[in-house]
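Novice: Sharing run27.cif here; it has mmCIF, C-alpha atoms.
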data_model
loop_
_atom_site.label_atom_id
_atom_site.label_comp_id
_atom_site.auth_asym_id
_atom_site.auth_seq_id
_atom_site.Cartn_x
_atom_site.Cartn_y
_atom_site.Cartn_z
CA MET A 1023 124.46 121.78 196.07
CA LYS A 1024 120.81 120.67 195.89
CA PRO A 1025 117.64 122.66 195.20
CA ASN A 1026 115.37 123.37 198.14
CA PRO A 1027 112.41 120.96 197.84
CA ALA A 1028 110.29 123.08 200.15
CA THR A 1029 109.61 125.82 197.61
CA PRO A 1030 106.45 125.67 195.43
CA LEU A 1031 108.51 125.83 192.20
CA SER A 1032 110.62 122.86 193.25
CA LEU A 1033 107.50 120.88 194.08
CA CYS A 1034 106.07 121.79 190.68
CA LEU A 1035 109.23 120.61 188.90
CA LEU A 1036 109.20 117.34 190.84
CA LEU A 1037 105.57 116.73 189.95
CA LEU A 1038 106.10 117.44 186.26
CA SER A 1039 109.12 115.15 186.09
CA SER A 1040 107.38 112.35 188.01
CA PRO A 1041 105.77 109.43 186.16
CA GLN A 1042 102.91 109.69 188.66
CA ALA A 1043 101.99 113.18 187.42
CA ALA A 1044 98.30 113.36 186.55
CA LEU A 1045 98.40 113.30 182.77
CA ALA A 1046 96.38 111.33 180.27
CA GLN A 1047 96.60 107.66 179.43
CA GLN A 1048 99.62 106.24 177.65
CA THR A 1049 99.74 103.85 174.73
CA SER A 1050 102.42 102.51 172.38
CA PRO A 1051 104.35 105.30 170.62
CA PRO A 1052 103.45 105.51 166.92
CA ALA A 1053 105.97 104.62 164.23
CA LEU A 1054 106.65 107.83 162.31
CA LEU A 1055 108.91 109.18 159.58
CA LEU A 1056 111.75 111.02 161.36
CA ALA A 1057 113.90 113.79 159.94
CA SER A 1058 117.63 113.61 159.36
CA GLU A 1059 120.01 116.48 160.13
CA TYR A 1060 121.19 118.51 157.16
CA SER A 1061 124.65 117.80 155.77
CA GLN A 1062 126.36 119.28 152.73
CA ASP A 1063 126.67 115.93 150.98
CA ILE A 1064 122.88 115.56 150.55
CA PRO A 1065 121.76 116.61 147.04
CA LEU A 1066 118.74 118.88 147.57
CA GLN A 1067 117.76 119.66 143.99
CA GLY A 1068 114.07 118.86 143.61
CA TYR A 1069 113.29 119.05 147.34
CA TRP A 1070 110.43 121.11 148.75
CA VAL A 1071 111.07 123.63 151.57
CA CYS A 1072 108.74 124.77 154.36
CA GLU A 1073 108.90 126.23 157.87
CA LYS A 1074 109.86 123.96 160.76
CA TYR A 1075 107.12 124.18 163.40
CA ASP A 1076 108.09 124.27 167.07
CA GLY A 1077 105.18 122.12 168.23
CA ILE A 1078 104.30 118.64 169.47
CA ARG A 1079 104.38 115.81 166.96
CA ALA A 1080 101.10 113.90 166.91
CA TYR A 1081 99.52 110.92 165.14
CA TRP A 1082 95.80 110.48 164.57
CA ASN A 1083 95.02 106.76 164.15
CA GLY A 1084 91.42 107.35 163.12
CA GLN A 1085 90.13 107.21 166.72
CA GLN A 1086 92.76 108.69 169.04
CA LEU A 1087 95.30 111.50 168.85
CA ILE A 1088 98.65 110.22 170.17
CA SER A 1089 101.88 112.09 170.79
CA ARG A 1090 105.22 110.81 169.50
CA ASN A 1091 105.90 109.28 172.94
CA GLY A 1092 102.49 107.62 173.31
CA LEU A 1093 100.46 110.18 175.29
CA ILE A 1094 96.77 110.06 174.36
CA ILE A 1095 95.68 113.68 173.85
CA SER A 1096 92.11 114.71 174.68
CA LEU A 1097 90.64 117.20 172.21
CA PRO A 1098 87.49 119.34 172.37
CA ALA A 1099 84.63 117.90 170.31
CA THR A 1100 84.75 120.90 167.92
CA LEU A 1101 88.31 119.95 166.91
CA ARG A 1102 87.95 116.20 167.14
CA GLN A 1103 85.07 116.14 164.66
CA GLN A 1104 87.31 117.71 162.01
CA LEU A 1105 89.71 114.76 162.06
CA PRO A 1106 89.27 112.11 159.35
CA SER A 1107 88.55 108.40 159.77
CA ILE A 1108 91.99 107.51 158.38
CA PRO A 1109 95.45 107.98 159.96
CA ILE A 1110 97.22 111.30 159.54
CA GLU A 1111 100.29 112.71 161.27
CA GLY A 1112 101.73 116.15 161.86
CA GLU A 1113 102.42 118.75 164.52
CA LEU A 1114 100.17 120.46 167.06
CA TRP A 1115 101.10 124.15 166.92
CA LEU A 1116 100.04 127.34 168.72
CA GLY A 1117 102.37 129.67 166.84
CA ARG A 1118 105.98 130.79 166.92
CA GLY A 1119 107.47 130.97 170.39
CA GLN A 1120 104.43 129.29 172.00
CA PHE A 1121 105.85 125.85 172.76
CA GLY A 1122 105.62 126.37 176.54
CA ALA A 1123 101.95 127.37 176.34
CA LEU A 1124 101.24 124.38 174.07
CA GLN A 1125 103.01 121.99 176.41
CA SER A 1126 100.97 123.32 179.35
CA LEU A 1127 97.72 122.98 177.39
CA ILE A 1128 98.43 119.36 176.45
CA GLN A 1129 99.44 118.44 180.00
CA GLN A 1130 96.26 119.91 181.49
CA GLN A 1131 94.16 117.52 179.38
CA ASN A 1132 91.23 119.92 179.72
CA PRO A 1133 89.27 119.84 176.45
CA SER A 1134 87.05 122.72 177.59
CA ALA A 1135 89.94 125.21 177.88
CA GLU A 1136 89.49 128.21 175.55
CA GLN A 1137 93.14 128.07 174.45
CA TRP A 1138 92.32 125.02 172.30
CA GLN A 1139 90.53 127.25 169.81
CA ALA A 1140 93.86 128.81 168.77
CA LEU A 1141 95.44 125.40 168.20
CA GLN A 1142 96.25 124.13 164.73
CA PHE A 1143 97.15 120.64 163.58
CA MET A 1144 99.78 121.09 160.89
CA VAL A 1145 99.20 117.92 158.89
CA PHE A 1146 102.37 116.51 157.36
CA ASP A 1147 101.47 113.15 155.92
CA LEU A 1148 99.29 110.07 155.40
CA PRO A 1149 101.35 107.29 157.02
CA GLU A 1150 99.38 104.40 155.53
CA ALA A 1151 98.93 105.80 152.03
CA ALA A 1152 100.85 104.54 149.01
CA GLY A 1153 102.52 106.70 146.40
CA SER A 1154 104.96 109.59 146.46
CA TYR A 1155 104.74 112.49 148.87
CA ARG A 1156 103.61 114.64 145.96
CA GLN A 1157 100.59 112.34 145.55
CA ARG A 1158 99.93 112.12 149.30
CA TYR A 1159 100.07 115.91 149.60
CA GLN A 1160 97.43 116.29 146.89
CA ARG A 1161 95.19 113.89 148.79
CA LEU A 1162 95.76 115.84 152.02
CA GLN A 1163 94.67 119.05 150.29
CA GLN A 1164 91.30 117.43 149.58
CA LEU A 1165 91.10 115.89 153.05
CA ILE A 1166 91.47 119.14 155.02
CA GLU A 1167 89.17 121.29 152.88
CA GLY A 1168 86.70 123.19 155.06
CA LYS A 1169 88.40 122.09 158.31
CA PRO A 1170 90.20 125.09 159.88
CA PHE A 1171 91.81 123.00 162.65
CA LEU A 1172 93.75 121.11 159.98
CA GLN A 1173 96.41 123.03 158.05
CA LEU A 1174 99.07 122.02 155.55
CA PRO A 1175 102.64 123.32 155.35
CA THR A 1176 103.19 125.70 152.43
CA TYR A 1177 106.13 124.48 150.35
CA GLN A 1178 108.49 126.28 148.03
CA PRO A 1179 110.86 124.54 145.61
CA TYR A 1180 114.53 124.41 146.59
CA SER A 1181 116.52 126.64 144.25
CA ASN A 1182 120.07 126.91 145.62
CA GLN A 1183 122.07 126.98 148.85
CA LEU A 1184 122.31 130.76 149.04
CA ALA A 1185 118.54 131.18 148.73
CA LEU A 1186 118.05 128.54 151.43
CA GLU A 1187 120.38 130.39 153.80
CA ARG A 1188 118.58 133.67 153.15
CA GLN A 1189 115.22 132.02 153.77
CA LEU A 1190 116.50 130.59 157.07
CA ALA A 1191 117.90 133.97 158.16
CA GLU A 1192 114.63 135.76 157.39
CA LEU A 1193 112.61 133.12 159.22
CA SER A 1194 114.93 133.25 162.25
CA ASP A 1195 114.63 137.05 162.37
CA ASN A 1196 110.86 136.60 162.63
CA GLY A 1197 111.00 134.06 165.46
CA GLY A 1198 110.90 130.93 163.33
CA GLU A 1199 112.40 127.59 164.37
CA GLY A 1200 114.07 126.60 161.11
CA LEU A 1201 113.28 124.89 157.80
CA MET A 1202 112.25 121.40 156.72
CA LEU A 1203 113.20 119.93 153.36
CA ARG A 1204 111.05 117.20 151.87
CA ASP A 1205 111.67 114.83 148.96
CA PRO A 1206 108.39 114.97 147.00
CA ASP A 1207 109.10 111.64 145.29
CA ALA A 1208 109.68 109.61 148.47
CA LEU A 1209 107.42 106.90 149.85
CA TYR A 1210 106.39 107.01 153.52
CA LEU A 1211 108.84 104.97 155.61
CA ALA A 1212 108.48 104.97 159.42
CA THR A 1213 112.18 105.46 160.12
CA ARG A 1214 114.79 108.23 160.14
CA SER A 1215 115.25 109.18 156.53
CA LYS A 1216 116.82 111.69 154.16
CA ALA A 1217 113.35 112.04 152.64
CA LEU A 1218 112.84 114.62 155.40
CA ILE A 1219 115.67 116.94 156.51
CA LYS A 1220 115.96 119.53 159.30
CA TYR A 1221 117.80 122.71 158.31
CA LYS A 1222 118.50 125.10 161.20
CA SER A 1223 121.09 127.63 162.27
CA TYR A 1224 121.84 125.37 165.25
CA GLN A 1225 121.55 121.74 166.30
CA ASP A 1226 119.58 120.52 169.30
CA GLY A 1227 119.15 117.46 171.46
CA GLU A 1228 118.03 116.04 174.79
CA ALA A 1229 120.24 115.12 177.74
CA GLU A 1230 119.83 113.84 181.30
CA VAL A 1231 120.72 116.02 184.29
CA VAL A 1232 123.31 114.05 186.31
CA ALA A 1233 124.76 116.74 188.61
CA TYR A 1234 125.05 120.47 189.29
CA SER A 1235 128.10 122.73 189.33
CA GLN A 1236 128.40 125.44 192.01
CA GLY A 1237 127.58 128.99 190.97
CA GLN A 1238 130.10 131.80 191.40
CA GLY A 1239 129.79 135.56 191.90
CA LYS A 1240 126.17 136.72 191.61
CA TYR A 1241 125.14 133.06 191.30
CA GLN A 1242 126.76 132.03 194.58
CA ASN A 1243 124.52 129.59 196.48
CA MET A 1244 122.80 128.80 193.19
CA VAL A 1245 123.48 126.38 190.37
CA GLY A 1246 126.20 127.58 188.04
CA ALA A 1247 125.45 124.96 185.39
CA LEU A 1248 123.67 121.69 184.85
CA VAL A 1249 126.00 118.73 184.27
CA VAL A 1250 124.26 116.58 181.67
CA LYS A 1251 124.80 113.33 179.76
CA ASP A 1252 123.40 112.80 176.26
CA ALA A 1253 122.41 109.61 174.44
CA GLN A 1254 126.00 109.17 173.17
CA GLY A 1255 127.28 109.20 176.76
CA ARG A 1256 128.95 112.61 176.42
CA LEU A 1257 129.18 114.67 179.63
CA PHE A 1258 129.05 118.48 179.36
CA LYS A 1259 127.67 121.54 181.13
CA LEU A 1260 124.65 123.73 180.40
CA GLY A 1261 124.97 127.12 182.07
CA SER A 1262 123.97 129.55 179.37
CA GLY A 1263 120.20 129.86 179.01
CA LEU A 1264 119.34 129.22 182.66
CA THR A 1265 117.22 131.92 184.32
CA GLU A 1266 117.84 133.01 187.91
CA GLN A 1267 114.75 131.06 188.99
CA GLN A 1268 116.08 127.94 187.29
CA ARG A 1269 119.45 128.38 188.96
CA ALA A 1270 117.73 128.59 192.36
CA THR A 1271 115.44 125.62 191.69
CA PRO A 1272 116.95 123.69 188.75
CA PRO A 1273 115.53 120.65 186.92
CA ALA A 1274 115.80 117.60 189.18
CA ILE A 1275 118.64 115.10 188.88
CA GLY A 1276 117.49 112.42 186.45
CA SER A 1277 115.18 114.74 184.49
CA MET A 1278 115.63 115.38 180.77
CA VAL A 1279 116.39 118.78 179.29
CA HIS A 1280 116.39 120.19 175.78
CA TYR A 1281 119.50 122.08 174.63
CA ARG A 1282 120.91 123.76 171.54
CA TYR A 1283 124.46 123.89 170.22
CA ASN A 1284 126.53 124.89 167.20
CA GLY A 1285 128.55 121.97 165.90
CA LEU A 1286 131.08 119.96 167.89
CA THR A 1287 134.37 120.82 169.58
CA SER A 1288 137.66 119.09 168.72
CA LYS A 1289 136.83 116.65 171.53
CA GLY A 1290 133.49 115.78 169.97
CA LYS A 1291 131.30 117.60 172.50
CA PRO A 1292 128.48 120.06 171.69
CA ARG A 1293 129.96 123.53 171.08
CA PHE A 1294 128.28 126.55 172.77
CA ALA A 1295 125.70 124.25 174.38
CA ARG A 1296 122.86 126.17 176.03
CA PHE A 1297 119.78 125.20 178.02
CA VAL A 1298 116.39 125.68 176.31
CA ARG A 1299 113.80 124.03 178.56
CA GLN A 1300 113.03 121.00 180.67
CA TYR A 1301 111.91 118.19 178.41
CA GLN A 1302 108.50 116.66 178.97
CA ALA A 1303 107.95 113.27 177.32
CA LEU A 1304 104.97 114.25 175.19
#
Translate this file's structure into structure tokens.
Specialist:
Amino acid sequence: MKPNPATPLSLCLLLLSSPQAALAQQTSPPALLLASEYSQDIPLQGYWVCEKYDGIRAYWNGQQLISRNGLIISLPATLRQQLPSIPIEGELWLGRGQFGALQSLIQQQNPSAEQWQALQFMVFDLPEAAGSYRQRYQRLQQLIEGKPFLQLPTYQPYSNQLALERQLAELSDNGGEGLMLRDPDALYLATRSKALIKYKSYQDGEAEVVAYSQGQGKYQNMVGALVVKDAQGRLFKLGSGLTEQQRATPPAIGSMVHYRYNGLTSKGKPRFARFVRQYQAL
């Protein structure tokens, strides 16, 4: 079964997933420090803990703001003038549960839009600075002073596993995305590292839509599930999380989607995998 390309929603999905969509200029993706997934064998004593922001990772090179995938982001002059002359990196954030609105704002590339005034740049690090993260964080505190667009994560010291689980549960109850754990003694290395760790009540990933499965019952003549393939070559279905609209006009074959899951099955596939949103390469 295929979606009907004549409907406005289908046309919109095709445009958003097309490389010819009218977005901003592209450049080389920046080299950034990437977080590792939490595992019980990582000693966390001494780590700092903060909220994980559900935003768009961005790198300011001193002249341009660039997304993790190389999209040059146009900013209003009022925000741009608050950025320093040296490289910083972090996450553009509109608030909890606002990723869709943020994604739309970035794609519009309209610096005059009023929504920009609610945007914050959560500044994580100084990629080209020497010293430990503790030292870099102190420098960032001085750098953002008097600049409301630029904000720093608020850290708490890691105490024990039980306290971490309680903190995660409380944050999740309030619509939070998860926690990040940071080694304050680590140098900045532009690679995936245990200096930065994601701690969530679920895991997530991206996968390519390769087929559809037929819907049954009330979903007859609609998509029952997306058949997807992840970076490891695993094939599995995403049915949970799809709205009725998305079942009628699903993400196009070949597009990327974001999903969540809870561990792996005995066959090594994502357990309880569920659709979150269509992935846009920002």
Novice: Can you list, as JSON, numbers by chain, the residues that the PyMOL selection byres ((chain A and resi 1183) around 12) selects here?
Specialist: {"A": [1060, 1061, 1062, 1064, 1065, 1066, 1067, 1069, 1071, 1179, 1180, 1181, 1182, 1184, 1185, 1186, 1187, 1188, 1189, 1190, 1221]}
Novice: Nearest to Leu1141 in chain A: which of A:Leu1165, A:Ile1110, A:Leu1101, A:Ala1217 is it, counting only C-alpha atoms?
Specialist: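 Of A:Leu1165, A:Ile1110, A:Leu1101, A:Ala1217, the one nearest Leu1141 in chain A, counting only C-alpha atoms, is A:Leu1101.
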Novice: Show me the residues close to (112.3, 123.0, 158.5) - anything with an atom within 10 Å, counting only C-alpha atoms - and format the list as a PyMOL selection string.
Specialist: chain A and resi 1057+1071-1076+1190+1198-1204+1218-1222
Novice: Convert the current residue selection to file output with C-alpha atoms, as a compact mmCIF listing (two decimals), keeping the file's coordinate frame.
Specialist:
# COMPACT_ATOMS: atom_id res chain seq x y z
CA ALA A 1057 113.90 113.79 159.94
CA VAL A 1071 111.07 123.63 151.57
CA CYS A 1072 108.74 124.77 154.36
CA GLU A 1073 108.90 126.23 157.87
CA LYS A 1074 109.86 123.96 160.76
CA TYR A 1075 107.12 124.18 163.40
CA ASP A 1076 108.09 124.27 167.07
CA LEU A 1190 116.50 130.59 157.07
CA GLY A 1198 110.90 130.93 163.33
CA GLU A 1199 112.40 127.59 164.37
CA GLY A 1200 114.07 126.60 161.11
CA LEU A 1201 113.28 124.89 157.80
CA MET A 1202 112.25 121.40 156.72
CA LEU A 1203 113.20 119.93 153.36
CA ARG A 1204 111.05 117.20 151.87
CA LEU A 1218 112.84 114.62 155.40
CA ILE A 1219 115.67 116.94 156.51
CA LYS A 1220 115.96 119.53 159.30
CA TYR A 1221 117.80 122.71 158.31
CA LYS A 1222 118.50 125.10 161.20
Novice: Mind pulling up the distance from CA of Ala1135 in chain A to CA of Leu1097 in chain A?
Specialist: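 CA of Ala1135 in chain A lies 9.8 Å from CA of Leu1097 in chain A.
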Novice: Taking the file as I've supplied it (selection: the PyMOL selection byres ((chain A and resi 1246) around 8)), which residues are included? Please answer as an mmCIF file with C-alpha atoms, in the frame of the given file.
Specialist:
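Output contents, as saved in selection.cif:
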data_model
loop_
_atom_site.group_PDB
_atom_site.id
_atom_site.type_symbol
_atom_site.label_atom_id
_atom_site.label_comp_id
_atom_site.auth_asym_id
_atom_site.auth_seq_id
_atom_site.Cartn_x
_atom_site.Cartn_y
_atom_site.Cartn_z
ATOM 1 C CA TYR A 1234 125.050 120.470 189.290
ATOM 2 C CA SER A 1235 128.100 122.730 189.330
ATOM 3 C CA GLN A 1236 128.400 125.440 192.010
ATOM 4 C CA GLY A 1237 127.580 128.990 190.970
ATOM 5 C CA GLN A 1238 130.100 131.800 191.400
ATOM 6 C CA TYR A 1241 125.140 133.060 191.300
ATOM 7 C CA GLN A 1242 126.760 132.030 194.580
ATOM 8 C CA MET A 1244 122.800 128.800 193.190
ATOM 9 C CA VAL A 1245 123.480 126.380 190.370
ATOM 10 C CA ALA A 1247 125.450 124.960 185.390
ATOM 11 C CA LEU A 1248 123.670 121.690 184.850
ATOM 12 C CA GLY A 1261 124.970 127.120 182.070
ATOM 13 C CA ARG A 1269 119.450 128.380 188.960
#
Novice: Would it be fine to have range 1207-1243 of chain A, with N, CA and C atoms, given as a PDB file, in the first residue's frame?
Specialist:
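Just written: result-v7.pdb:
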ATOM      1  N   ASP A1207      36.608  16.698  34.639  1.00  0.00           N
ATOM      2  CA  ASP A1207      38.066  16.712  34.478  1.00  0.00           C
ATOM      3  C   ASP A1207      38.511  16.399  33.056  1.00  0.00           C
ATOM      4  N   ALA A1208      37.557  16.161  32.158  1.00  0.00           N
ATOM      5  CA  ALA A1208      37.900  15.720  30.800  1.00  0.00           C
ATOM      6  C   ALA A1208      38.269  16.893  29.892  1.00  0.00           C
ATOM      7  N   LEU A1209      39.192  16.617  28.968  1.00  0.00           N
ATOM      8  CA  LEU A1209      39.512  17.554  27.901  1.00  0.00           C
ATOM      9  C   LEU A1209      38.435  17.456  26.820  1.00  0.00           C
ATOM     10  N   TYR A1210      38.401  18.443  25.922  1.00  0.00           N
ATOM     11  CA  TYR A1210      37.433  18.386  24.818  1.00  0.00           C
ATOM     12  C   TYR A1210      38.016  17.551  23.685  1.00  0.00           C
ATOM     13  N   LEU A1211      37.344  16.446  23.357  1.00  0.00           N
ATOM     14  CA  LEU A1211      37.749  15.598  22.240  1.00  0.00           C
ATOM     15  C   LEU A1211      36.553  15.436  21.312  1.00  0.00           C
ATOM     16  N   ALA A1212      36.733  15.791  20.036  1.00  0.00           N
ATOM     17  CA  ALA A1212      35.634  15.743  19.065  1.00  0.00           C
ATOM     18  C   ALA A1212      35.404  14.314  18.587  1.00  0.00           C
ATOM     19  N   THR A1213      34.870  13.497  19.489  1.00  0.00           N
ATOM     20  CA  THR A1213      34.568  12.098  19.181  1.00  0.00           C
ATOM     21  C   THR A1213      33.532  11.612  20.184  1.00  0.00           C
ATOM     22  N   ARG A1214      33.008  10.404  20.000  1.00  0.00           N
ATOM     23  CA  ARG A1214      32.089   9.851  20.995  1.00  0.00           C
ATOM     24  C   ARG A1214      32.903   9.426  22.214  1.00  0.00           C
ATOM     25  N   SER A1215      32.467   9.863  23.377  1.00  0.00           N
ATOM     26  CA  SER A1215      33.312   9.709  24.548  1.00  0.00           C
ATOM     27  C   SER A1215      32.492   9.468  25.809  1.00  0.00           C
ATOM     28  N   LYS A1216      33.106   8.784  26.771  1.00  0.00           N
ATOM     29  CA  LYS A1216      32.475   8.596  28.072  1.00  0.00           C
ATOM     30  C   LYS A1216      32.627   9.829  28.960  1.00  0.00           C
ATOM     31  N   ALA A1217      33.252  10.875  28.411  1.00  0.00           N
ATOM     32  CA  ALA A1217      33.294  12.153  29.127  1.00  0.00           C
ATOM     33  C   ALA A1217      31.908  12.784  29.183  1.00  0.00           C
ATOM     34  N   LEU A1218      31.013  12.329  28.284  1.00  0.00           N
ATOM     35  CA  LEU A1218      29.646  12.827  28.220  1.00  0.00           C
ATOM     36  C   LEU A1218      28.725  11.624  28.034  1.00  0.00           C
ATOM     37  N   ILE A1219      27.736  11.465  28.914  1.00  0.00           N
ATOM     38  CA  ILE A1219      26.907  10.255  28.920  1.00  0.00           C
ATOM     39  C   ILE A1219      25.427  10.625  28.959  1.00  0.00           C
ATOM     40  N   LYS A1220      24.638   9.972  28.089  1.00  0.00           N
ATOM     41  CA  LYS A1220      23.182  10.133  28.089  1.00  0.00           C
ATOM     42  C   LYS A1220      22.571   9.133  29.064  1.00  0.00           C
ATOM     43  N   TYR A1221      21.683   9.628  29.921  1.00  0.00           N
ATOM     44  CA  TYR A1221      20.995   8.753  30.879  1.00  0.00           C
ATOM     45  C   TYR A1221      19.502   9.007  30.746  1.00  0.00           C
ATOM     46  N   LYS A1222      18.780   8.035  30.161  1.00  0.00           N
ATOM     47  CA  LYS A1222      17.351   8.193  29.896  1.00  0.00           C
ATOM     48  C   LYS A1222      16.613   6.924  30.308  1.00  0.00           C
ATOM     49  N   SER A1223      15.298   7.049  30.379  1.00  0.00           N
ATOM     50  CA  SER A1223      14.478   5.886  30.714  1.00  0.00           C
ATOM     51  C   SER A1223      14.217   5.031  29.485  1.00  0.00           C
ATOM     52  N   TYR A1224      14.751   5.433  28.352  1.00  0.00           N
ATOM     53  CA  TYR A1224      14.605   4.700  27.095  1.00  0.00           C
ATOM     54  C   TYR A1224      15.837   4.967  26.244  1.00  0.00           C
ATOM     55  N   GLN A1225      15.993   4.200  25.175  1.00  0.00           N
ATOM     56  CA  GLN A1225      17.028   4.486  24.180  1.00  0.00           C
ATOM     57  C   GLN A1225      16.323   5.004  22.927  1.00  0.00           C
ATOM     58  N   ASP A1226      17.068   5.639  22.052  1.00  0.00           N
ATOM     59  CA  ASP A1226      16.474   6.122  20.814  1.00  0.00           C
ATOM     60  C   ASP A1226      17.451   5.981  19.667  1.00  0.00           C
ATOM     61  N   GLY A1227      16.959   6.174  18.463  1.00  0.00           N
ATOM     62  CA  GLY A1227      17.805   6.052  17.280  1.00  0.00           C
ATOM     63  C   GLY A1227      17.074   6.537  16.042  1.00  0.00           C
ATOM     64  N   GLU A1228      17.765   6.465  14.908  1.00  0.00           N
ATOM     65  CA  GLU A1228      17.179   6.809  13.616  1.00  0.00           C
ATOM     66  C   GLU A1228      17.196   5.576  12.722  1.00  0.00           C
ATOM     67  N   ALA A1229      16.201   5.478  11.856  1.00  0.00           N
ATOM     68  CA  ALA A1229      16.119   4.354  10.933  1.00  0.00           C
ATOM     69  C   ALA A1229      15.465   4.821   9.638  1.00  0.00           C
ATOM     70  N   GLU A1230      15.742   4.084   8.555  1.00  0.00           N
ATOM     71  CA  GLU A1230      15.194   4.410   7.237  1.00  0.00           C
ATOM     72  C   GLU A1230      13.915   3.624   6.988  1.00  0.00           C
ATOM     73  N   VAL A1231      12.891   4.306   6.471  1.00  0.00           N
ATOM     74  CA  VAL A1231      11.646   3.628   6.093  1.00  0.00           C
ATOM     75  C   VAL A1231      11.891   2.864   4.793  1.00  0.00           C
ATOM     76  N   VAL A1232      11.694   1.528   4.818  1.00  0.00           N
ATOM     77  CA  VAL A1232      11.946   0.708   3.623  1.00  0.00           C
ATOM     78  C   VAL A1232      10.670   0.088   3.056  1.00  0.00           C
ATOM     79  N   ALA A1233       9.593   0.066   3.864  1.00  0.00           N
ATOM     80  CA  ALA A1233       8.328  -0.515   3.384  1.00  0.00           C
ATOM     81  C   ALA A1233       7.233  -0.156   4.375  1.00  0.00           C
ATOM     82  N   TYR A1234       5.990  -0.550   4.030  1.00  0.00           N
ATOM     83  CA  TYR A1234       4.852  -0.388   4.926  1.00  0.00           C
ATOM     84  C   TYR A1234       4.196  -1.746   5.128  1.00  0.00           C
ATOM     85  N   SER A1235       3.585  -1.934   6.299  1.00  0.00           N
ATOM     86  CA  SER A1235       2.756  -3.126   6.497  1.00  0.00           C
ATOM     87  C   SER A1235       1.290  -2.690   6.504  1.00  0.00           C
ATOM     88  N   GLN A1236       0.422  -3.549   5.981  1.00  0.00           N
ATOM     89  CA  GLN A1236      -1.002  -3.239   5.828  1.00  0.00           C
ATOM     90  C   GLN A1236      -1.702  -3.138   7.182  1.00  0.00           C
ATOM     91  N   GLY A1237      -2.524  -2.093   7.338  1.00  0.00           N
ATOM     92  CA  GLY A1237      -3.282  -1.931   8.557  1.00  0.00           C
ATOM     93  C   GLY A1237      -4.461  -2.891   8.626  1.00  0.00           C
ATOM     94  N   GLN A1238      -4.894  -3.204   9.832  1.00  0.00           N
ATOM     95  CA  GLN A1238      -6.019  -4.105  10.050  1.00  0.00           C
ATOM     96  C   GLN A1238      -7.075  -3.395  10.896  1.00  0.00           C
ATOM     97  N   GLY A1239      -8.311  -3.920  10.859  1.00  0.00           N
ATOM     98  CA  GLY A1239      -9.367  -3.367  11.691  1.00  0.00           C
ATOM     99  C   GLY A1239      -9.650  -1.920  11.363  1.00  0.00           C
ATOM    100  N   LYS A1240      -9.601  -1.037  12.386  1.00  0.00           N
ATOM    101  CA  LYS A1240      -9.901   0.374  12.156  1.00  0.00           C
ATOM    102  C   LYS A1240      -8.852   1.056  11.284  1.00  0.00           C
ATOM    103  N   TYR A1241      -7.690   0.399  11.114  1.00  0.00           N
ATOM    104  CA  TYR A1241      -6.638   0.967  10.265  1.00  0.00           C
ATOM    105  C   TYR A1241      -6.616   0.329   8.877  1.00  0.00           C
ATOM    106  N   GLN A1242      -7.687  -0.356   8.521  1.00  0.00           N
ATOM    107  CA  GLN A1242      -7.761  -0.944   7.179  1.00  0.00           C
ATOM    108  C   GLN A1242      -7.661   0.172   6.137  1.00  0.00           C
ATOM    109  N   ASN A1243      -6.940  -0.106   5.052  1.00  0.00           N
ATOM    110  CA  ASN A1243      -6.664   0.872   3.999  1.00  0.00           C
ATOM    111  C   ASN A1243      -5.710   1.987   4.458  1.00  0.00           C
TER     112      ASN A1243
END
